[in-house]
$ cat upload25.cif   # mmCIF, C-alpha atoms and all ligand atoms
data_upload
loop_
_atom_site.group_PDB
_atom_site.id
_atom_site.type_symbol
_atom_site.label_atom_id
_atom_site.label_comp_id
_atom_site.auth_asym_id
_atom_site.auth_seq_id
_atom_site.Cartn_x
_atom_site.Cartn_y
_atom_site.Cartn_z
ATOM 1 C CA MET A 215 111.849 104.537 100.801
ATOM 2 C CA GLU A 216 110.621 102.115 98.195
ATOM 3 C CA LEU A 217 107.536 101.604 96.149
ATOM 4 C CA ASP A 218 107.169 98.359 98.016
ATOM 5 C CA LEU A 219 103.852 96.896 99.107
ATOM 6 C CA GLU A 220 105.297 93.600 100.339
ATOM 7 C CA GLY A 221 102.853 91.795 102.593
ATOM 8 C CA ARG A 222 100.256 94.578 102.647
ATOM 9 C CA ASN A 223 96.656 93.361 102.524
ATOM 10 C CA ILE A 224 94.926 95.670 100.072
ATOM 11 C CA LEU A 225 91.209 95.699 99.348
ATOM 12 C CA VAL A 226 90.497 96.818 95.788
ATOM 13 C CA THR A 227 86.800 97.233 95.026
ATOM 14 C CA GLY A 228 85.353 96.640 91.572
ATOM 15 C CA ALA A 229 88.547 94.789 90.687
ATOM 16 C CA ALA A 230 87.260 92.023 88.415
ATOM 17 C CA LYS A 231 88.034 94.054 85.299
ATOM 18 C CA GLY A 232 88.943 97.473 83.963
ATOM 19 C CA ILE A 233 90.821 99.983 86.086
ATOM 20 C CA GLY A 234 90.340 98.045 89.329
ATOM 21 C CA ARG A 235 91.840 94.938 87.825
ATOM 22 C CA GLY A 236 94.844 96.946 86.570
ATOM 23 C CA ILE A 237 95.362 98.370 90.061
ATOM 24 C CA ALA A 238 95.126 94.944 91.703
ATOM 25 C CA LEU A 239 97.650 93.399 89.290
ATOM 26 C CA GLU A 240 100.079 96.283 89.670
ATOM 27 C CA ALA A 241 99.860 96.122 93.476
ATOM 28 C CA VAL A 242 100.488 92.382 93.302
ATOM 29 C CA SER A 243 103.648 93.003 91.247
ATOM 30 C CA ARG A 244 104.875 95.041 94.259
ATOM 31 C CA GLY A 245 104.214 92.191 96.678
ATOM 32 C CA ALA A 246 100.746 93.089 98.018
ATOM 33 C CA ASN A 247 98.115 90.513 98.930
ATOM 34 C CA ILE A 248 94.756 91.365 97.420
ATOM 35 C CA ALA A 249 91.204 91.229 98.677
ATOM 36 C CA LEU A 250 89.599 91.315 95.249
ATOM 37 C CA HIS A 251 86.089 92.666 95.356
ATOM 38 C CA TYR A 252 83.457 92.320 92.666
ATOM 39 C CA GLN A 253 79.726 92.700 92.586
ATOM 40 C CA SER A 254 78.346 90.971 89.496
ATOM 41 C CA SER A 255 81.389 90.169 87.311
ATOM 42 C CA GLU A 256 82.079 86.767 88.844
ATOM 43 C CA LYS A 257 83.645 85.172 85.767
ATOM 44 C CA GLU A 258 86.110 88.053 85.278
ATOM 45 C CA ALA A 259 86.825 88.116 89.026
ATOM 46 C CA LEU A 260 87.756 84.423 88.981
ATOM 47 C CA GLU A 261 90.058 85.027 85.994
ATOM 48 C CA THR A 262 91.755 87.965 87.706
ATOM 49 C CA ALA A 263 92.134 86.002 90.959
ATOM 50 C CA LYS A 264 93.739 83.145 89.029
ATOM 51 C CA LEU A 265 96.262 85.540 87.499
ATOM 52 C CA ILE A 266 97.077 86.912 90.947
ATOM 53 C CA GLU A 267 97.500 83.473 92.478
ATOM 54 C CA GLU A 268 99.915 82.525 89.701
ATOM 55 C CA SER A 269 102.205 85.299 90.873
ATOM 56 C CA GLY A 270 102.446 83.644 94.282
ATOM 57 C CA VAL A 271 100.776 86.220 96.540
ATOM 58 C CA LYS A 272 97.636 85.652 98.551
ATOM 59 C CA THR A 273 94.243 86.697 97.282
ATOM 60 C CA VAL A 274 90.694 86.388 98.510
ATOM 61 C CA LEU A 275 87.605 87.019 96.420
ATOM 62 C CA VAL A 276 84.798 88.949 98.065
ATOM 63 C CA THR A 277 81.507 90.071 96.690
ATOM 64 C CA GLY A 278 78.976 92.587 97.898
ATOM 65 C CA ASP A 279 76.954 95.672 97.178
ATOM 66 C CA LEU A 280 78.797 98.694 98.574
ATOM 67 C CA ALA A 281 75.443 100.407 99.038
ATOM 68 C CA SER A 282 74.692 97.866 101.772
ATOM 69 C CA ILE A 283 76.569 98.244 105.064
ATOM 70 C CA GLU A 284 75.707 94.613 105.898
ATOM 71 C CA ASP A 285 77.389 93.441 102.691
ATOM 72 C CA VAL A 286 80.477 95.488 103.484
ATOM 73 C CA GLN A 287 80.600 94.099 107.029
ATOM 74 C CA ASN A 288 80.292 90.560 105.645
ATOM 75 C CA MET A 289 83.124 91.315 103.221
ATOM 76 C CA LYS A 290 85.279 92.227 106.212
ATOM 77 C CA LYS A 291 84.493 88.920 107.922
ATOM 78 C CA SER A 292 85.469 86.908 104.811
ATOM 79 C CA ILE A 293 88.669 88.864 104.307
ATOM 80 C CA GLU A 294 89.701 88.479 107.935
ATOM 81 C CA ARG A 295 89.051 84.749 107.809
ATOM 82 C CA ASP A 296 90.943 84.104 104.577
ATOM 83 C CA LEU A 297 93.569 86.861 104.372
ATOM 84 C CA GLY A 298 93.765 88.841 107.615
ATOM 85 C CA THR A 299 93.205 92.489 108.478
ATOM 86 C CA VAL A 300 92.860 94.947 105.620
ATOM 87 C CA ASP A 301 95.776 97.396 105.641
ATOM 88 C CA ASP A 302 94.789 99.670 102.750
ATOM 89 C CA ILE A 303 91.745 100.301 100.566
ATOM 90 C CA VAL A 304 91.375 101.415 96.971
ATOM 91 C CA ASN A 305 87.720 102.107 96.325
ATOM 92 C CA ASN A 306 87.456 101.873 92.572
ATOM 93 C CA ALA A 307 83.840 100.683 92.369
ATOM 94 C CA GLY A 308 81.200 103.063 91.200
ATOM 95 C CA TRP A 309 77.858 103.203 89.507
ATOM 96 C CA THR A 310 76.884 106.134 87.342
ATOM 97 C CA GLN A 311 74.071 107.001 84.971
ATOM 98 C CA TYR A 312 74.748 109.245 82.003
ATOM 99 C CA LYS A 313 71.803 111.529 81.353
ATOM 100 C CA SER A 314 70.292 114.920 82.022
ATOM 101 C CA PHE A 315 68.677 115.546 85.409
ATOM 102 C CA PHE A 316 65.241 115.911 83.851
ATOM 103 C CA LYS A 317 65.452 112.450 82.303
ATOM 104 C CA TYR A 318 65.532 110.936 85.798
ATOM 105 C CA GLU A 319 62.353 109.655 87.353
ATOM 106 C CA PRO A 320 61.930 110.895 90.931
ATOM 107 C CA GLY A 321 64.009 108.683 93.188
ATOM 108 C CA GLU A 322 65.992 107.179 90.341
ATOM 109 C CA TRP A 323 69.018 109.090 91.628
ATOM 110 C CA LYS A 324 69.013 107.286 94.971
ATOM 111 C CA ARG A 325 71.038 104.273 93.856
ATOM 112 C CA GLU A 326 73.885 106.406 92.489
ATOM 113 C CA VAL A 327 74.150 108.265 95.780
ATOM 114 C CA GLU A 328 73.983 105.009 97.734
ATOM 115 C CA VAL A 329 76.852 103.442 95.777
ATOM 116 C CA CYS A 330 79.053 106.462 95.090
ATOM 117 C CA PHE A 331 78.600 108.308 98.398
ATOM 118 C CA TYR A 332 77.318 105.924 101.063
ATOM 119 C CA GLY A 333 79.548 103.152 99.694
ATOM 120 C CA VAL A 334 82.611 105.186 100.696
ATOM 121 C CA LEU A 335 81.206 105.781 104.184
ATOM 122 C CA HIS A 336 80.422 102.078 104.552
ATOM 123 C CA LEU A 337 83.994 101.109 103.645
ATOM 124 C CA ALA A 338 85.562 103.694 105.939
ATOM 125 C CA HIS A 339 83.290 102.904 108.883
ATOM 126 C CA THR A 340 83.841 99.163 108.529
ATOM 127 C CA PHE A 341 87.553 98.913 107.796
ATOM 128 C CA MET A 342 89.172 102.029 109.206
ATOM 129 C CA PRO A 343 89.014 101.196 112.940
ATOM 130 C CA ASP A 344 91.511 98.349 112.361
ATOM 131 C CA MET A 345 93.796 100.668 110.404
ATOM 132 C CA MET A 346 93.576 103.164 113.269
ATOM 133 C CA GLU A 347 94.554 100.492 115.743
ATOM 134 C CA ASN A 348 97.486 99.464 113.537
ATOM 135 C CA LYS A 349 98.553 103.108 113.237
ATOM 136 C CA ARG A 350 99.013 102.768 109.503
ATOM 137 C CA GLY A 351 96.791 102.699 106.424
ATOM 138 C CA LYS A 352 95.863 104.293 103.122
ATOM 139 C CA PHE A 353 92.338 104.980 101.912
ATOM 140 C CA ILE A 354 92.122 105.968 98.262
ATOM 141 C CA ASN A 355 88.864 106.809 96.552
ATOM 142 C CA ILE A 356 88.533 106.967 92.778
ATOM 143 C CA ILE A 357 86.070 109.394 91.263
ATOM 144 C CA GLY A 358 85.480 111.070 87.904
ATOM 145 C CA ASP A 359 86.498 114.654 87.183
ATOM 146 C CA SER A 360 82.802 115.500 86.793
ATOM 147 C CA ALA A 361 82.718 115.634 90.606
ATOM 148 C CA ARG A 362 85.060 118.625 90.462
ATOM 149 C CA THR A 363 83.982 120.383 87.291
ATOM 150 C CA GLY A 364 80.315 119.486 86.957
ATOM 151 C CA ASP A 365 78.924 117.572 83.996
ATOM 152 C CA ARG A 366 75.307 117.943 83.011
ATOM 153 C CA ASN A 367 75.086 114.263 82.094
ATOM 154 C CA LEU A 368 76.844 112.966 85.197
ATOM 155 C CA ILE A 369 74.910 115.213 87.492
ATOM 156 C CA ILE A 370 74.067 112.748 90.268
ATOM 157 C CA SER A 371 77.250 110.673 90.486
ATOM 158 C CA GLY A 372 79.243 113.921 90.199
ATOM 159 C CA ALA A 373 77.356 115.434 93.130
ATOM 160 C CA ALA A 374 77.623 112.240 95.189
ATOM 161 C CA ARG A 375 81.348 111.999 94.567
ATOM 162 C CA SER A 376 81.880 115.668 95.242
ATOM 163 C CA GLY A 377 80.526 114.806 98.692
ATOM 164 C CA THR A 378 83.156 112.100 99.096
ATOM 165 C CA ILE A 379 85.919 114.668 98.525
ATOM 166 C CA SER A 380 84.677 116.662 101.487
ATOM 167 C CA PHE A 381 84.112 113.498 103.528
ATOM 168 C CA LEU A 382 87.664 112.262 102.937
ATOM 169 C CA LYS A 383 89.204 115.649 103.725
ATOM 170 C CA SER A 384 87.405 115.691 107.075
ATOM 171 C CA LEU A 385 88.222 112.046 107.721
ATOM 172 C CA ALA A 386 91.875 112.722 106.873
ATOM 173 C CA GLN A 387 91.875 115.291 109.700
ATOM 174 C CA GLU A 388 90.305 112.804 112.096
ATOM 175 C CA VAL A 389 92.607 109.850 111.391
ATOM 176 C CA GLY A 390 95.865 111.670 110.658
ATOM 177 C CA ARG A 391 96.991 111.074 114.256
ATOM 178 C CA ASN A 392 96.665 107.358 113.511
ATOM 179 C CA ASN A 393 99.021 107.687 110.529
ATOM 180 C CA ILE A 394 96.263 107.066 107.984
ATOM 181 C CA GLN A 395 96.256 108.924 104.692
ATOM 182 C CA CYS A 396 92.993 109.548 102.816
ATOM 183 C CA ASN A 397 93.220 110.774 99.238
ATOM 184 C CA THR A 398 91.069 111.044 96.126
ATOM 185 C CA VAL A 399 92.049 110.296 92.529
ATOM 186 C CA SER A 400 89.862 112.035 89.985
ATOM 187 C CA LEU A 401 89.852 110.610 86.465
ATOM 188 C CA GLY A 402 89.247 111.861 82.965
ATOM 189 C CA LEU A 403 88.067 109.471 80.265
ATOM 190 C CA ILE A 404 89.983 106.188 80.285
ATOM 191 C CA ASP A 405 90.027 104.306 77.004
ATOM 192 C CA GLN A 406 88.817 100.768 77.592
ATOM 193 C CA GLY A 407 87.651 99.974 74.088
ATOM 194 C CA GLN A 408 84.373 101.870 74.433
ATOM 195 C CA GLY A 409 84.275 101.856 70.630
ATOM 196 C CA TYR A 410 83.933 105.573 69.913
ATOM 197 C CA ASP A 411 83.787 106.328 66.176
ATOM 198 C CA SER A 412 86.404 108.644 64.638
ATOM 199 C CA VAL A 413 84.145 111.725 64.744
ATOM 200 C CA MET A 414 83.430 111.232 68.415
ATOM 201 C CA MET A 415 87.084 110.473 69.152
ATOM 202 C CA GLU A 416 88.169 113.711 67.457
ATOM 203 C CA LYS A 417 85.609 115.649 69.452
ATOM 204 C CA LEU A 418 86.854 114.078 72.668
ATOM 205 C CA MET A 419 90.561 114.659 71.879
ATOM 206 C CA LYS A 420 89.935 118.385 71.485
ATOM 207 C CA GLN A 421 89.089 118.512 75.180
ATOM 208 C CA TYR A 422 92.393 116.949 76.232
ATOM 209 C CA PRO A 423 95.598 119.045 76.097
ATOM 210 C CA LEU A 424 97.596 115.803 75.964
ATOM 211 C CA LYS A 425 95.564 114.790 72.876
ATOM 212 C CA ARG A 426 94.665 111.290 73.911
ATOM 213 C CA LEU A 427 92.368 109.486 76.306
ATOM 214 C CA GLY A 428 93.810 107.859 79.405
ATOM 215 C CA LYS A 429 94.992 104.275 79.716
ATOM 216 C CA VAL A 430 94.616 102.013 82.706
ATOM 217 C CA ASP A 431 98.391 102.311 83.209
ATOM 218 C CA ASP A 432 98.022 106.078 83.531
ATOM 219 C CA VAL A 433 95.940 105.444 86.644
ATOM 220 C CA THR A 434 97.890 102.648 88.321
ATOM 221 C CA GLY A 435 101.052 104.732 88.782
ATOM 222 C CA ILE A 436 99.462 107.322 91.028
ATOM 223 C CA ILE A 437 97.539 104.693 92.963
ATOM 224 C CA LEU A 438 100.754 102.811 93.658
ATOM 225 C CA PHE A 439 102.396 106.030 94.789
ATOM 226 C CA LEU A 440 99.483 106.743 97.137
ATOM 227 C CA LEU A 441 99.595 103.202 98.529
ATOM 228 C CA SER A 442 103.345 103.368 99.129
ATOM 229 C CA SER A 443 105.394 105.043 101.836
ATOM 230 C CA TYR A 444 106.348 107.742 99.303
ATOM 231 C CA SER A 445 103.002 109.347 100.095
ATOM 232 C CA ASP A 446 103.255 109.143 103.896
ATOM 233 C CA TRP A 447 103.042 112.941 104.223
ATOM 234 C CA VAL A 448 100.242 113.352 101.663
ATOM 235 C CA THR A 449 96.665 113.363 102.903
ATOM 236 C CA GLY A 450 93.304 115.022 102.272
ATOM 237 C CA GLN A 451 94.255 115.733 98.657
ATOM 238 C CA VAL A 452 92.575 115.314 95.288
ATOM 239 C CA PHE A 453 94.716 114.321 92.313
ATOM 240 C CA SER A 454 93.348 114.680 88.826
ATOM 241 C CA VAL A 455 94.623 112.140 86.308
ATOM 242 C CA ASN A 456 92.942 113.476 83.239
ATOM 243 C CA GLY A 457 95.321 114.459 80.423
ATOM 244 C CA GLY A 458 94.862 118.076 81.485
ATOM 245 C CA HIS A 459 91.109 118.048 80.787
ATOM 246 C CA SER A 460 90.570 120.195 83.852
ATOM 247 C CA MET A 461 93.347 122.086 85.652
ATOM 248 C CA LEU A 462 91.930 122.773 89.062
ATOM 249 C CA GLY A 463 94.215 124.009 91.821
HETATM 250 N N1 LIG A 501 86.490 104.514 82.690
HETATM 251 C C1 LIG A 501 86.495 105.842 82.721
HETATM 252 O O1 LIG A 501 86.667 106.534 81.707
HETATM 253 C C2 LIG A 501 86.275 106.547 84.031
HETATM 254 C C3 LIG A 501 86.263 107.950 84.068
HETATM 255 C C4 LIG A 501 86.066 108.594 85.275
HETATM 256 C C5 LIG A 501 85.874 107.847 86.440
HETATM 257 N N2 LIG A 501 85.875 106.484 86.372
HETATM 258 C C6 LIG A 501 85.662 105.728 87.593
HETATM 259 O O2 LIG A 501 86.750 104.832 87.776
HETATM 260 C C7 LIG A 501 86.271 103.621 88.367
HETATM 261 C C8 LIG A 501 86.656 102.426 87.495
HETATM 262 O O3 LIG A 501 86.106 102.613 86.219
HETATM 263 P P1 LIG A 501 85.908 101.404 85.181
HETATM 264 O O4 LIG A 501 85.477 102.063 83.907
HETATM 265 O O5 LIG A 501 87.086 100.526 85.193
HETATM 266 O O6 LIG A 501 84.731 100.517 85.820
HETATM 267 P P2 LIG A 501 83.172 100.730 86.054
HETATM 268 O O7 LIG A 501 82.477 99.767 85.203
HETATM 269 O O8 LIG A 501 82.786 102.163 85.952
HETATM 270 O O9 LIG A 501 82.971 100.335 87.603
HETATM 271 C C9 LIG A 501 83.848 99.555 88.345
HETATM 272 C C10 LIG A 501 83.134 98.462 89.090
HETATM 273 O O10 LIG A 501 82.228 98.974 90.060
HETATM 274 C C11 LIG A 501 81.506 97.844 90.509
HETATM 275 N N3 LIG A 501 80.205 98.215 91.070
HETATM 276 C C12 LIG A 501 79.166 98.838 90.451
HETATM 277 N N4 LIG A 501 78.137 98.981 91.317
HETATM 278 C C13 LIG A 501 78.546 98.438 92.496
HETATM 279 C C14 LIG A 501 77.938 98.261 93.767
HETATM 280 N N5 LIG A 501 76.693 98.679 94.028
HETATM 281 N N6 LIG A 501 78.630 97.641 94.734
HETATM 282 C C15 LIG A 501 79.878 97.195 94.497
HETATM 283 N N7 LIG A 501 80.510 97.322 93.327
HETATM 284 C C16 LIG A 501 79.849 97.941 92.334
HETATM 285 C C17 LIG A 501 81.314 96.940 89.289
HETATM 286 O O11 LIG A 501 81.659 95.618 89.679
HETATM 287 P P3 LIG A 501 81.034 94.319 88.921
HETATM 288 O O12 LIG A 501 81.432 94.476 87.490
HETATM 289 O O13 LIG A 501 81.663 93.161 89.602
HETATM 290 O O14 LIG A 501 79.549 94.377 89.138
HETATM 291 C C18 LIG A 501 82.275 97.539 88.261
HETATM 292 O O15 LIG A 501 83.056 96.590 87.616
HETATM 293 C C19 LIG A 501 84.768 103.784 88.525
HETATM 294 O O16 LIG A 501 84.476 104.222 89.828
HETATM 295 C C20 LIG A 501 84.429 104.844 87.509
HETATM 296 O O17 LIG A 501 83.247 105.565 87.805
HETATM 297 C C21 LIG A 501 86.072 105.819 85.205
#
$ encode --input "upload25.cif" --output "structure tokens"
Amino acid sequence: MELDLEGRNILVTGAAKGIGRGIALEAVSRGANIALHYQSSEKEALETAKLIEESGVKTVLVTGDLASIEDVQNMKKSIERDLGTVDDIVNNAGWTQYKSFFKYEPGEWKREVEVCFYGVLHLAHTFMPDMMENKRGKFINIIGDSARTGDRNLIISGAARSGTISFLKSLAQEVGRNNIQCNTVSLGLIDQGQGYDSVMMEKLMKQYPLKRLGKVDDVTGIILFLLSSYSDWVTGQVFSVNGGHSMLG
């Protein structure tokens, strides 16, 4: 067994920048071709695609709103035309609002649910039939730990993503016979230059047994493992990558 993704066509959503970009670049370094999805960050997506192309693997840029099944279906058409069938998916895209429930206007929660919950269903419904036919595929969904622990300021995205855990466990049961693994990676706070002041940073550190925030590289390792054949007997699981912030069984 090797951590080898040679020739795999991997769709990474929200990959123009941040964690998604890190995942795409790391997968490329293992030989994967990338369907690089973005929604609004076109400039960053073009930069990331250029970097990928320089390394000699194939990439296709696709854009779309994951809340729209039509957009996701159109993404599939573009990818098939320019890259081929999608073998594996890392859904890294997400949209969250940070505030108390009572600060929401009625209905203002809908968008978060549409992106963070329905978006996952749209991806699975659109791309998984091909994986099932090929009898091989990995579906990895990235969420925040708030979905497992609760967080009064991430109340809607946390609830929506908690739903995706259940969805992927059930889906893992359905598609296991087709040799498809569905897993969830649940993140603590990843430092991406958010610019916290020292008081805030100290307050945050206290919550992390490993006494630091995460780095993009802390996330890419487990994603690569889950994309590789090392994880062929791992499905329906949730992995927290969170510096020990929560220690759920
Ligand atoms: N950073 C953290 O500390 C942390 C902690 C816990 C969980 N997470 C989760 O980890 C993932 C990556 O985090 P991040 O901080 O690197 O990036 P992020 O800014 O939270 O989101 C990633 C991407 O999602 C895309 N996106 C937003 N709404 C979308 C929609 N309706 N349809 C399609 N794409 C959409 C955006 O793409 P465009 O920019 O192209 O519009 C964005 O770049 C996210 O799901 C995030 O919630 C992050």
$ closest_atom_pairs --input "upload25.cif" --of "chain A" --to "ligand LIG 501 (chain A)" --cutoff "6 Å" --atoms "all atoms listed in the file" --output "JSON lines"
{"residue": "A:Gly228", "atom": "CA", "partner": "A:LIG501", "partner_atom": "C10", "distance": 3.8}
{"residue": "A:Ala230", "atom": "CA", "partner": "A:LIG501", "partner_atom": "O13", "distance": 5.8}
{"residue": "A:Gly232", "atom": "CA", "partner": "A:LIG501", "partner_atom": "O5", "distance": 3.8}
{"residue": "A:Ile233", "atom": "CA", "partner": "A:LIG501", "partner_atom": "O5", "distance": 3.9}
{"residue": "A:Gly234", "atom": "CA", "partner": "A:LIG501", "partner_atom": "O5", "distance": 5.8}
{"residue": "A:Tyr252", "atom": "CA", "partner": "A:LIG501", "partner_atom": "O13", "distance": 3.6}
{"residue": "A:Gln253", "atom": "CA", "partner": "A:LIG501", "partner_atom": "O13", "distance": 3.6}
{"residue": "A:Ser254", "atom": "CA", "partner": "A:LIG501", "partner_atom": "O14", "distance": 3.6}
{"residue": "A:Ser255", "atom": "CA", "partner": "A:LIG501", "partner_atom": "O13", "distance": 3.8}
{"residue": "A:Gly278", "atom": "CA", "partner": "A:LIG501", "partner_atom": "C15", "distance": 5.8}
{"residue": "A:Asp279", "atom": "CA", "partner": "A:LIG501", "partner_atom": "N6", "distance": 3.6}
{"residue": "A:Leu280", "atom": "CA", "partner": "A:LIG501", "partner_atom": "N6", "distance": 4.0}
{"residue": "A:Ala281", "atom": "CA", "partner": "A:LIG501", "partner_atom": "N5", "distance": 5.4}
{"residue": "A:Asn306", "atom": "CA", "partner": "A:LIG501", "partner_atom": "O16", "distance": 4.7}
{"residue": "A:Ala307", "atom": "CA", "partner": "A:LIG501", "partner_atom": "O10", "distance": 3.3}
{"residue": "A:Gly308", "atom": "CA", "partner": "A:LIG501", "partner_atom": "O16", "distance": 3.7}
{"residue": "A:Trp309", "atom": "CA", "partner": "A:LIG501", "partner_atom": "N4", "distance": 4.6}
{"residue": "A:Val329", "atom": "CA", "partner": "A:LIG501", "partner_atom": "N5", "distance": 5.1}
{"residue": "A:Ile356", "atom": "CA", "partner": "A:LIG501", "partner_atom": "O16", "distance": 5.7}
{"residue": "A:Ile357", "atom": "CA", "partner": "A:LIG501", "partner_atom": "C5", "distance": 5.1}
{"residue": "A:Gly358", "atom": "CA", "partner": "A:LIG501", "partner_atom": "C5", "distance": 3.6}
{"residue": "A:Leu401", "atom": "CA", "partner": "A:LIG501", "partner_atom": "C4", "distance": 4.5}
{"residue": "A:Gly402", "atom": "CA", "partner": "A:LIG501", "partner_atom": "C3", "distance": 5.0}
{"residue": "A:Leu403", "atom": "CA", "partner": "A:LIG501", "partner_atom": "O1", "distance": 3.6}
{"residue": "A:Ile404", "atom": "CA", "partner": "A:LIG501", "partner_atom": "O1", "distance": 3.6}
$ resolve_selection --input "upload25.cif" --expression "the PyMOL selection byres (((chain A and resi 297) around 9) and not hetatm)" --output "ChimeraX atom specification"
/A:223,247-249,272-274,292-296,298-300
$ atom_distance --input "upload25.cif" --atom1 "atom CA of Arg325 of chain A" --atom2 "atom CA of Phe341 of chain A"
22.3 Å
$ residues_around --input "upload25.cif" --residues "Lys349 of chain A" --least-positions-apart "3" --cutoff "9 Å" --atoms "all atoms listed in the file" --output "list of chain:residue names"
A:Asp344, A:Met345, A:Met346, A:Arg391, A:Asn392, A:Asn393, A:Ile394
$ residues_around --input "upload25.cif" --residues "segment 318-324 of chain A" --least-positions-apart "3" --cutoff "12 Å" --atoms "only C-alpha atoms" --output "PyMOL selection string"
chain A and resi 281+309-315+327-332+367-374
$ write_last_selection --input "upload25.cif" --atoms "C-alpha atoms" --output "PDB file, keeping the file's coordinate frame"
ATOM      1  CA  ALA A 281      75.443 100.407  99.038  1.00  0.00           C
ATOM      2  CA  TRP A 309      77.858 103.203  89.507  1.00  0.00           C
ATOM      3  CA  THR A 310      76.884 106.134  87.342  1.00  0.00           C
ATOM      4  CA  GLN A 311      74.071 107.001  84.971  1.00  0.00           C
ATOM      5  CA  TYR A 312      74.748 109.245  82.003  1.00  0.00           C
ATOM      6  CA  LYS A 313      71.803 111.529  81.353  1.00  0.00           C
ATOM      7  CA  SER A 314      70.292 114.920  82.022  1.00  0.00           C
ATOM      8  CA  PHE A 315      68.677 115.546  85.409  1.00  0.00           C
ATOM      9  CA  VAL A 327      74.150 108.265  95.780  1.00  0.00           C
ATOM     10  CA  GLU A 328      73.983 105.009  97.734  1.00  0.00           C
ATOM     11  CA  VAL A 329      76.852 103.442  95.777  1.00  0.00           C
ATOM     12  CA  CYS A 330      79.053 106.462  95.090  1.00  0.00           C
ATOM     13  CA  PHE A 331      78.600 108.308  98.398  1.00  0.00           C
ATOM     14  CA  TYR A 332      77.318 105.924 101.063  1.00  0.00           C
ATOM     15  CA  ASN A 367      75.086 114.263  82.094  1.00  0.00           C
ATOM     16  CA  LEU A 368      76.844 112.966  85.197  1.00  0.00           C
ATOM     17  CA  ILE A 369      74.910 115.213  87.492  1.00  0.00           C
ATOM     18  CA  ILE A 370      74.067 112.748  90.268  1.00  0.00           C
ATOM     19  CA  SER A 371      77.250 110.673  90.486  1.00  0.00           C
ATOM     20  CA  GLY A 372      79.243 113.921  90.199  1.00  0.00           C
ATOM     21  CA  ALA A 373      77.356 115.434  93.130  1.00  0.00           C
ATOM     22  CA  ALA A 374      77.623 112.240  95.189  1.00  0.00           C
TER      23      ALA A 374
END
$ residues_around --input "upload25.cif" --residues "segment 411-418 of chain A" --least-positions-apart "5" --cutoff "12 Å" --atoms "all atoms listed in the file" --output "list in words"
Gly402, Leu403, Ile404, Asp405, Pro423, Leu424, Lys425, Arg426, Leu427, Gly428, Gly457 and His459 of chain A
$ resolve_selection --input "upload25.cif" --expression "the PyMOL selection byres (((chain A and resi 435) around 12) and not hetatm)" --output "VMD selection string"
chain A and resid 217 233 236 to 241 244 399 429 to 434 436 to 442 455
$ atom_distance --input "upload25.cif" --atom1 "atom CA of Val276 of chain A" --atom2 "atom CA of Leu250 of chain A"
6.0 Å
$ atom_distance --input "upload25.cif" --atom1 "atom CA of Leu382 of chain A" --atom2 "atom CA of Asn348 of chain A"
19.3 Å
$ resolve_selection --input "upload25.cif" --expression "the PyMOL selection byres (((chain A and resi 302-304) around 6) and not hetatm)" --output "ChimeraX atom specification"
/A:224-226,300-301,305-306,351-355
$ closest_residue --input "upload25.cif" --among "A:Asp359, A:Val448, A:His339, A:Gly407" --to "Gln387 of chain A" --atoms "only C-alpha atoms"
A:Val448
$ axis_aligned_box --input "upload25.cif" --around "segment 319-329 of chain A" --padding-each-side "3 Å" --output "JSON"
{"center_x": 69.4, "center_y": 107.2, "center_z": 92.5, "size_x": 20.9, "size_y": 13.5, "size_z": 16.4}
$ closest_residue --input "upload25.cif" --among "A:Asp446, A:Ala361, A:Met419, A:Gly409" --to "Gln395 of chain A" --atoms "all atoms listed in the file"
A:Asp446
$ closest_residue --input "upload25.cif" --among "A:Leu275, A:Ala246, A:Cys396, A:Met342" --to "Ala259 of chain A" --atoms "all atoms listed in the file"
A:Leu275
$ residues_around --input "upload25.cif" --residues "Asn397 of chain A" --least-positions-apart "5" --cutoff "6 Å" --atoms "all atoms listed in the file" --output "count of residues only"
4
$ closest_residue --input "upload25.cif" --among "A:Arg362, A:Ser454, A:Lys231, A:Ser376" --to "Leu260 of chain A" --atoms "all atoms listed in the file"
A:Lys231
$ closest_residue --input "upload25.cif" --among "A:Ser269, A:Ser380, A:Gln287, A:Gln421" --to "Gly245 of chain A" --atoms "only C-alpha atoms"
A:Ser269
$ closest_residue --input "upload25.cif" --among "A:Glu347, A:Asp365, A:Glu267, A:Glu256" --to "Ser460 of chain A" --atoms "all atoms listed in the file"
A:Asp365
$ decode --input "upload25.cif" --residues "segment 247-258 of chain A" --atoms "C-alpha atoms" --output "PDB file, in the first residue's frame"
ATOM      1  CA  ASN A 247      -5.609  15.332 -11.057  1.00  0.00           C
ATOM      2  CA  ILE A 248      -7.760  18.049  -9.547  1.00  0.00           C
ATOM      3  CA  ALA A 249     -11.198  19.398 -10.304  1.00  0.00           C
ATOM      4  CA  LEU A 250     -10.718  22.674  -8.469  1.00  0.00           C
ATOM      5  CA  HIS A 251     -13.985  24.175  -7.359  1.00  0.00           C
ATOM      6  CA  TYR A 252     -14.572  27.746  -6.272  1.00  0.00           C
ATOM      7  CA  GLN A 253     -17.618  29.905  -5.899  1.00  0.00           C
ATOM      8  CA  SER A 254     -16.571  33.557  -5.796  1.00  0.00           C
ATOM      9  CA  SER A 255     -12.764  33.533  -5.366  1.00  0.00           C
ATOM     10  CA  GLU A 256     -11.959  33.461  -9.074  1.00  0.00           C
ATOM     11  CA  LYS A 257      -8.617  35.265  -8.865  1.00  0.00           C
ATOM     12  CA  GLU A 258      -7.294  32.927  -6.146  1.00  0.00           C
TER      13      GLU A 258
END
